[in-house]
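Chemist: For reference, the file upload-v6.cif (mmCIF, C-alpha atoms) is included below:
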data_run
loop_
_atom_site.label_atom_id
_atom_site.label_comp_id
_atom_site.auth_asym_id
_atom_site.auth_seq_id
_atom_site.Cartn_x
_atom_site.Cartn_y
_atom_site.Cartn_z
CA MET A 68 69.76 122.13 122.87
CA THR A 69 71.26 121.99 119.39
CA PHE A 70 72.63 118.69 118.15
CA SER A 71 76.12 119.96 118.89
CA GLU A 72 75.26 120.92 122.47
CA ARG A 73 73.59 117.55 122.97
CA LEU A 74 76.79 115.78 121.88
CA ASP A 75 78.82 117.97 124.25
CA ALA A 76 76.50 117.07 127.11
CA THR A 77 76.60 113.38 126.23
CA PHE A 78 80.38 113.26 126.02
CA THR A 79 80.82 115.25 129.23
CA ALA A 80 78.48 112.85 130.96
CA LEU A 81 80.34 109.82 129.64
CA ALA A 82 83.78 111.20 130.53
CA ASP A 83 83.47 109.99 134.12
CA PRO A 84 84.02 106.39 135.31
CA THR A 85 81.34 106.57 138.03
CA ARG A 86 78.74 107.77 135.55
CA ARG A 87 79.71 105.05 133.11
CA ALA A 88 79.38 102.49 135.91
CA ILE A 89 75.94 103.91 136.75
CA LEU A 90 74.89 103.54 133.13
CA ALA A 91 76.22 99.99 133.04
CA ARG A 92 74.16 99.21 136.14
CA LEU A 93 71.04 100.80 134.64
CA ALA A 94 71.48 98.81 131.44
CA SER A 95 70.29 95.80 133.44
CA GLY A 96 67.17 97.55 134.75
CA GLU A 97 65.94 100.65 136.58
CA ALA A 98 67.15 101.49 140.07
CA SER A 99 66.65 104.08 142.81
CA VAL A 100 69.36 106.50 143.95
CA LEU A 101 69.82 104.42 147.08
CA GLU A 102 70.31 101.24 145.07
CA LEU A 103 72.72 103.00 142.75
CA ALA A 104 74.76 104.46 145.62
CA LYS A 105 75.29 101.03 147.23
CA PRO A 106 78.21 99.71 145.10
CA PHE A 107 80.05 103.04 145.18
CA ALA A 108 81.92 104.46 148.14
CA MET A 109 79.95 107.65 147.72
CA SER A 110 77.33 109.61 149.53
CA GLN A 111 73.82 109.76 148.16
CA PRO A 112 74.17 113.50 147.32
CA ALA A 113 77.33 112.75 145.34
CA ILE A 114 75.49 110.09 143.37
CA SER A 115 72.55 112.47 142.89
CA LYS A 116 74.95 114.98 141.36
CA HIS A 117 76.15 112.39 138.85
CA LEU A 118 72.55 111.49 138.08
CA LYS A 119 71.77 115.14 137.32
CA VAL A 120 74.59 115.25 134.76
CA LEU A 121 73.34 112.04 133.17
CA GLU A 122 69.77 113.34 133.17
CA ARG A 123 70.79 116.63 131.56
CA ALA A 124 72.53 114.68 128.79
CA GLY A 125 69.34 112.69 128.32
CA LEU A 126 71.19 109.48 129.11
CA ILE A 127 68.78 108.62 131.91
CA SER A 128 65.26 109.60 132.93
CA ARG A 129 63.77 109.69 136.43
CA GLY A 130 60.41 108.22 137.38
CA ARG A 131 57.69 110.50 138.75
CA ASP A 132 57.21 108.42 141.90
CA ALA A 133 58.15 111.08 144.49
CA GLN A 134 59.55 108.58 147.01
CA ARG A 135 61.71 106.42 144.86
CA ARG A 136 62.21 108.34 141.60
CA PRO A 137 63.68 105.29 139.82
CA CYS A 138 66.32 105.96 137.16
CA ARG A 139 66.27 104.29 133.79
CA ILE A 140 68.69 104.40 130.87
CA GLU A 141 67.69 106.20 127.65
CA GLY A 142 69.10 104.99 124.33
CA LYS A 143 68.76 108.07 122.11
CA PRO A 144 71.98 109.98 123.01
CA LEU A 145 74.04 106.81 122.68
CA ALA A 146 72.52 106.20 119.28
CA ASP A 147 73.43 109.80 118.30
CA ILE A 148 77.05 109.19 119.29
CA SER A 149 77.33 106.04 117.29
CA GLY A 150 75.76 107.80 114.28
CA TRP A 151 78.26 110.60 114.69
CA LEU A 152 81.26 108.26 114.70
CA GLU A 153 79.69 106.47 111.75
CA SER A 154 79.62 109.59 109.57
CA TYR A 155 83.27 110.35 110.38
CA ARG A 156 83.97 106.78 109.32
CA GLN A 157 82.04 107.32 106.08
CA ILE A 158 84.18 110.30 105.04
CA TRP A 159 87.34 108.27 105.46
CA GLU A 160 85.73 105.24 103.88
CA GLU A 161 85.13 107.32 100.73
CA ASN A 162 88.69 108.67 100.83
CA PHE A 163 90.08 105.18 101.17
CA GLN A 164 87.91 103.75 98.41
CA ARG A 165 89.40 106.36 96.09
CA LEU A 166 92.83 105.40 97.41
CA ASP A 167 92.07 101.73 96.63
CA ALA A 168 91.31 102.66 93.03
CA LEU A 169 94.43 104.81 92.82
CA LEU A 170 96.67 102.07 94.24
CA GLU A 171 95.19 99.60 91.80
CA GLU A 172 95.85 101.97 88.92
CA LEU A 173 99.44 102.55 90.08
CA GLN A 174 100.06 98.81 90.15
CA SER A 175 98.60 98.15 86.73
CA PRO A 176 101.37 98.17 84.11
CA GLU A 177 99.12 99.24 81.22
CA LYS A 178 98.42 102.63 82.75
CA LYS A 179 100.60 105.48 81.59
CA THR A 180 100.52 107.25 84.93
CA ASN A 181 104.02 107.43 86.31
CA PRO A 182 103.77 108.31 89.98
CA ARG A 183 107.24 107.00 90.73
CA LYS A 184 109.12 109.56 88.74
CA GLY A 185 110.01 111.48 91.90
CA LYS A 186 113.11 110.58 93.84
CA ARG A 187 112.80 107.52 95.96
CA SER A 188 114.72 107.10 99.16
CA MET B 608 85.99 91.87 103.17
CA THR B 609 89.23 92.75 104.85
CA LYS B 610 89.12 96.36 103.67
CA THR B 611 86.94 97.51 106.52
CA LEU B 612 87.81 100.83 108.04
CA THR B 613 87.90 100.88 111.82
CA VAL B 614 87.60 104.10 113.75
CA THR B 615 88.47 103.92 117.41
CA THR B 616 89.11 106.42 120.18
CA PRO B 617 92.07 104.84 122.07
CA SER B 618 92.07 107.65 124.65
CA ASP B 619 90.01 110.78 125.17
CA ARG B 620 92.48 112.80 123.08
CA GLU B 621 92.94 110.37 120.19
CA ILE B 622 91.22 109.03 117.11
CA ALA B 623 92.71 106.04 115.30
CA LEU B 624 91.89 104.88 111.79
CA THR B 625 92.88 101.40 110.63
CA ARG B 626 92.48 100.10 107.10
CA VAL B 627 94.03 97.41 104.90
CA PHE B 628 95.13 98.28 101.36
CA ASP B 629 95.80 95.86 98.57
CA ALA B 630 99.22 97.31 97.72
CA PRO B 631 102.80 97.25 99.01
CA ARG B 632 103.45 99.80 101.72
CA ALA B 633 105.94 101.83 99.67
CA LEU B 634 103.11 102.64 97.30
CA VAL B 635 100.74 103.52 100.13
CA PHE B 636 103.44 105.73 101.61
CA ASP B 637 103.78 107.51 98.26
CA ALA B 638 100.01 107.99 98.04
CA LEU B 639 100.19 109.70 101.43
CA THR B 640 103.15 111.94 100.63
CA LYS B 641 103.26 112.76 96.91
CA PRO B 642 101.11 115.77 96.02
CA GLU B 643 100.00 114.45 92.63
CA LEU B 644 98.66 111.35 94.39
CA VAL B 645 97.28 112.90 97.57
CA LYS B 646 95.07 115.32 95.65
CA ARG B 647 93.43 112.42 93.85
CA TRP B 648 91.96 110.70 96.89
CA MET B 649 91.96 112.83 100.05
CA LEU B 650 88.82 114.68 99.09
CA GLY B 651 86.20 113.90 101.74
CA ASN B 652 82.67 113.21 100.64
CA MET B 653 81.19 116.53 99.57
CA GLY B 654 82.46 116.65 96.00
CA ALA B 655 85.42 118.81 96.97
CA THR B 656 88.60 119.21 94.94
CA MET B 657 92.10 119.94 96.23
CA PRO B 658 93.45 122.86 94.19
CA VAL B 659 96.47 123.28 96.47
CA CYS B 660 98.58 120.36 97.64
CA GLU B 661 102.14 121.31 98.56
CA ILE B 662 104.42 118.84 100.30
CA ASP B 663 108.00 119.38 101.41
CA LEU B 664 108.79 115.87 102.55
CA ARG B 665 111.71 116.52 104.87
CA VAL B 666 111.90 116.50 108.65
CA GLY B 667 110.86 120.03 109.55
CA GLY B 668 109.38 120.50 106.08
CA ALA B 669 105.84 121.81 105.70
CA TYR B 670 102.78 120.70 103.79
CA ARG B 671 99.62 122.57 102.94
CA TYR B 672 96.31 121.29 101.57
CA VAL B 673 93.43 123.46 100.39
CA TRP B 674 90.04 121.94 99.61
CA ARG B 675 87.41 123.70 97.53
CA SER B 676 83.81 122.59 97.80
CA PRO B 677 81.36 122.85 94.88
CA ASP B 678 79.92 126.10 96.32
CA GLY B 679 83.39 127.68 96.11
CA SER B 680 84.15 127.73 99.83
CA GLU B 681 87.64 126.68 100.82
CA MET B 682 89.24 125.03 103.78
CA ALA B 683 92.98 124.75 104.39
CA MET B 684 95.14 122.49 106.49
CA THR B 685 98.86 122.77 107.18
CA GLY B 686 101.53 121.07 109.21
CA THR B 687 105.13 119.96 109.35
CA TYR B 688 106.84 116.59 109.20
CA ARG B 689 108.50 115.35 112.37
CA GLU B 690 109.58 111.84 111.41
CA ILE B 691 109.89 110.31 107.97
CA ALA B 692 110.78 106.64 107.75
CA ARG B 693 109.66 105.53 104.31
CA PRO B 694 107.89 103.19 103.88
CA GLU B 695 106.89 102.33 107.45
CA ARG B 696 106.29 105.38 109.54
CA LEU B 697 105.36 109.04 109.25
CA VAL B 698 104.80 111.57 112.01
CA ASN B 699 103.46 115.01 111.22
CA THR B 700 101.63 117.87 112.87
CA GLN B 701 98.34 119.18 111.56
CA ARG B 702 96.42 122.38 111.94
CA PHE B 703 93.31 123.69 110.24
CA GLU B 704 93.41 127.27 109.01
CA ALA B 705 89.97 127.87 110.45
CA ALA B 706 89.05 129.90 113.50
CA TRP B 707 86.39 127.41 114.56
CA LEU B 708 88.93 124.60 114.71
CA PRO B 709 91.96 125.77 116.67
CA GLY B 710 94.80 123.63 117.94
CA GLU B 711 97.63 121.59 116.55
CA PHE B 712 97.46 117.82 116.36
CA VAL B 713 100.07 115.13 115.93
CA LEU B 714 99.47 112.30 113.47
CA THR B 715 101.41 109.07 113.66
CA THR B 716 101.00 106.84 110.64
CA THR B 717 102.33 103.30 110.54
CA LEU B 718 102.32 100.96 107.56
CA VAL B 719 102.77 97.23 108.09
CA GLU B 720 103.11 95.03 105.02
CA SER B 721 102.21 91.36 104.86
CA GLY B 722 101.69 89.26 101.75
CA GLY B 723 101.62 92.30 99.51
CA LYS B 724 98.89 93.97 101.59
CA THR B 725 99.42 96.95 103.82
CA THR B 726 97.77 97.67 107.13
CA PHE B 727 97.54 101.40 107.58
CA THR B 728 97.05 102.87 111.04
CA CYS B 729 96.85 106.58 111.63
CA THR B 730 96.51 107.83 115.17
CA THR B 731 95.78 111.50 115.70
CA LEU B 732 96.60 113.01 119.08
CA TYR B 733 94.62 116.18 119.75
CA ASP B 734 95.56 118.92 122.17
CA SER B 735 92.34 118.38 124.11
CA ARG B 736 89.27 116.21 124.24
CA GLU B 737 87.20 119.23 123.14
CA THR B 738 89.21 119.51 119.93
CA ARG B 739 88.93 115.81 119.21
CA ASP B 740 85.18 115.92 119.73
CA LYS B 741 84.94 118.92 117.42
CA ILE B 742 86.79 117.01 114.72
CA LEU B 743 84.54 114.02 115.07
CA ARG B 744 81.60 116.37 114.98
CA SER B 745 82.89 118.07 111.85
CA GLY B 746 82.69 114.60 110.30
CA MET B 747 79.04 114.55 111.23
CA GLU B 748 78.49 118.03 109.91
CA SER B 749 80.14 117.58 106.55
CA GLY B 750 79.16 113.95 106.12
CA ALA B 751 76.20 112.61 104.27
CA SER B 752 74.22 111.88 107.39
CA ALA B 753 70.62 112.45 108.30
CA SER B 754 71.52 114.57 111.32
CA TYR B 755 72.18 117.87 109.67
CA ASP B 756 71.09 120.16 112.51
CA ARG B 757 74.26 122.23 112.39
CA LEU B 758 75.32 121.88 108.78
CA ALA B 759 73.89 125.25 107.78
CA ASP B 760 75.88 126.93 110.58
CA VAL B 761 79.09 125.26 109.53
CA LEU B 762 78.65 126.14 105.88
CA ALA B 763 77.99 129.74 106.84
CA GLU B 764 81.17 129.71 108.92
CA LEU B 765 83.15 128.26 106.03
CA ARG B 766 81.87 130.93 103.64
CA ARG B 767 82.94 133.79 105.89
#
For the structure just supplied, provide its representation as structure tokens.
Modeler:
Amino acid sequence: MTFSERLDATFTALADPTRRAILARLASGEASVLELAKPFAMSQPAISKHLKVLERAGLISRGRDAQRRPCRIEGKPLADISGWLESYRQIWEENFQRLDALLEELQSPEKKTNPRKGKRS
Amino acid sequence: MTKTLTVTTPSDREIALTRVFDAPRALVFDALTKPELVKRWMLGNMGATMPVCEIDLRVGGAYRYVWRSPDGSEMAMTGTYREIARPERLVNTQRFEAAWLPGEFVLTTTLVESGGKTTFTCTTLYDSRETRDKILRSGMESGASASYDRLADVLAELRR
């Protein structure tokens, strides 16, 4: 998967309250499908379907133990998402730092710049 | 520092930016709506310039921004103003003139002044979650981040 496709998969996986609840549960330790199904009014196959989506997004991994196949949470995709929001933030941070400098200049009487020459309502 | 920028996603179709500026809100409003001021700061982080910045600040009036990056590629954004209440509130639509970023968005900007400082909040409502995610991703792709997997693709798209 490309980075972009990975983000799509991560966001799709996170866009569901049951899957977010599953992740929240797994944040406190690994669990089997049966254990995960318990708090939800859902069949085991329905939970398994959710787990597949989470697994595809790389948000969880499944143990190799054929009987139990415990699920555990994986941190990498979540770290990608926070990095992705962070870079969006950085672009605006740079814009706003320039705006800070501009606003300071506009408020300093020594500067010749006359931004207020336009009509003011 | 109080000048921290916060980026939040209030719903799955929105992105909100909040930032405090050390200036009265009338001045911040002007910096958001006067072409000679806008083109001095709304430049992103790739060394771009804004050769075109046209603003018809009337309800129903249009604006158009064109950015030019150092390699000569250009990107344009347009929209119209829906509500203008200087100096406290501005609502406008926004659309990129780029095939890879379709859709029209609605931006609601509010300026709250207290003790000579202005709290700026701009909430963008996207037509779908997919569009919002694309926008956030475009931040990743054009930003100075280590994860540049798709940057080459995007630059190629922009050059077309």
Chemist: Rank A:Leu74, A:Ala168, A:Ile114, A:Ile127 by their smallest atom-to-atom distance to Glu102 of chain A, using all atoms listed in the file, and report the top residue only.
Modeler: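 So, comparing all the options, the nearest one is A:Ile114.
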Chemist: Listing only residues of segment 624-657 of chain B within 9 Å of segment 710-718 of chain B, what is the closest atom pair and its distance in Å (to one decimal) for each, using all atoms listed in the file, sorted by chain and residue number ascending, as CSV?
Modeler:
residue,atom,partner,partner_atom,distance
B:Arg632,CA,B:Leu718,CA,6.1
B:Ala633,CA,B:Leu718,CA,8.7
B:Val635,CA,B:Leu718,CA,8.0
B:Phe636,CA,B:Leu718,CA,7.7
Chemist: Write out as number ranges by chain every residue belonging to chain A that has an atom at most 6 Å from any atom of chain B, counting all atoms listed in the file.
Modeler: A: 151, 154-155, 158, 162, 165-166
Chemist: Please produce a file of the residues just selected, as an mmCIF file, in the frame of the given file, where the atoms kept are C-alpha atoms.
Modeler:
data_model
loop_
_atom_site.group_PDB
_atom_site.id
_atom_site.type_symbol
_atom_site.label_atom_id
_atom_site.label_comp_id
_atom_site.auth_asym_id
_atom_site.auth_seq_id
_atom_site.Cartn_x
_atom_site.Cartn_y
_atom_site.Cartn_z
ATOM 1 C CA TRP A 151 78.260 110.600 114.690
ATOM 2 C CA SER A 154 79.620 109.590 109.570
ATOM 3 C CA TYR A 155 83.270 110.350 110.380
ATOM 4 C CA ILE A 158 84.180 110.300 105.040
ATOM 5 C CA ASN A 162 88.690 108.670 100.830
ATOM 6 C CA ARG A 165 89.400 106.360 96.090
ATOM 7 C CA LEU A 166 92.830 105.400 97.410
#
Chemist: Just to confirm, what's the straight-line distance from atom CA of Tyr733 of chain B to atom CA of Gln164 of chain A in Å (one decimal)?
Modeler: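 Interatomic distance, atom CA of Tyr733 of chain B to atom CA of Gln164 of chain A: 25.6 Å.
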Chemist: Please identify all polymer residues within 12 Å of Pro106 of chain A, counting all atoms listed in the file, omitting same-chain residues fewer than 3 positions from it, and present them as a list in words.
Modeler: Thr85, Ala88, Ile89, Arg92, Val100, Leu101, Glu102, Leu103, Met109, Ser110, Gln111 and Ile114 of chain A
Chemist: Taking the file as shown, find all residues satisfying the PyMOL selection byres ((chain A and resi 135) around 12) and write them as a PyMOL selection string.
Modeler: chain A and resi 97-103+129-134+136-138
Chemist: Could you turn the residues from that selection into a file that holds C-alpha atoms, as a compact mmCIF listing (two decimals), keeping the file's coordinate frame?
Modeler:
# COMPACT_ATOMS: atom_id res chain seq x y z
CA GLU A 97 65.94 100.65 136.58
CA ALA A 98 67.15 101.49 140.07
CA SER A 99 66.65 104.08 142.81
CA VAL A 100 69.36 106.50 143.95
CA LEU A 101 69.82 104.42 147.08
CA GLU A 102 70.31 101.24 145.07
CA LEU A 103 72.72 103.00 142.75
CA ARG A 129 63.77 109.69 136.43
CA GLY A 130 60.41 108.22 137.38
CA ARG A 131 57.69 110.50 138.75
CA ASP A 132 57.21 108.42 141.90
CA ALA A 133 58.15 111.08 144.49
CA GLN A 134 59.55 108.58 147.01
CA ARG A 136 62.21 108.34 141.60
CA PRO A 137 63.68 105.29 139.82
CA CYS A 138 66.32 105.96 137.16
Chemist: Between atom CA of Leu664 of chain B and atom CA of Ser735 of chain B, measure the distance and give it in Å to one decimal.
Modeler: 27.2 Å
Chemist: Could you tell me how far atom CA of Arg675 of chain B sits from atom CA of Ala655 of chain B, in Å to one decimal place?
Modeler: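 Rounded to one decimal, the two atoms are 5.3 Å apart.
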Chemist: Given the file shown, determine the residues that the PyMOL selection byres ((chain B and resi 684) around 6) selects; report them as an mmCIF file with C-alpha atoms, in the coordinates of the input.
Modeler:
data_model
loop_
_atom_site.group_PDB
_atom_site.id
_atom_site.type_symbol
_atom_site.label_atom_id
_atom_site.label_comp_id
_atom_site.auth_asym_id
_atom_site.auth_seq_id
_atom_site.Cartn_x
_atom_site.Cartn_y
_atom_site.Cartn_z
ATOM 1 C CA ARG B 671 99.620 122.570 102.940
ATOM 2 C CA TYR B 672 96.310 121.290 101.570
ATOM 3 C CA ALA B 683 92.980 124.750 104.390
ATOM 4 C CA THR B 685 98.860 122.770 107.180
ATOM 5 C CA ARG B 702 96.420 122.380 111.940
ATOM 6 C CA PHE B 703 93.310 123.690 110.240
ATOM 7 C CA GLU B 704 93.410 127.270 109.010
#
Chemist: Tell me which of A:Ile140, A:Ala113, A:Ala108, A:Leu121 sits closest to Ala82 of chain A, counting all atoms listed in the file.
Modeler: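 Nearest to Ala82 of chain A: A:Leu121.
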Chemist: Out of B:Leu708, B:Val719, B:Val673, B:Leu697, which residue has the shortest atom-to-atom distance to Arg739 of chain B when counting all atoms listed in the file?
Modeler: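 Once distances to Arg739 of chain B are computed over all atoms listed in the file, the minimum belongs to B:Leu708.
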Chemist: Output the residue selection produced by the PyMOL selection byres ((chain B and resi 657) around 6) on the file above, formatted as a list in words.
Modeler: Lys646, Thr656, Pro658, Val659, Val673 and Trp674 of chain B
Chemist: Just checking: using all atoms listed in the file, which residue out of A:Leu173, A:Phe107, A:Thr69, A:Asp75 ends up closest to Ala124 of chain A?
Modeler: A:Asp75
Chemist: Find the residues near Pro617 of chain B: any atom within 10 Å, counting all atoms listed in the file, skip ones fewer than 5 places away on the same chain, and give them as a ChimeraX atom specification.
Modeler: /B:622-623,730-732
Chemist: Which of these residues is nearest to Glu122 of chain A, using only C-alpha atoms: A:Leu169, A:Ser175, A:Thr77, A:Trp159?
Modeler: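 That would be A:Thr77, the residue with the smallest distance to Glu122 of chain A.
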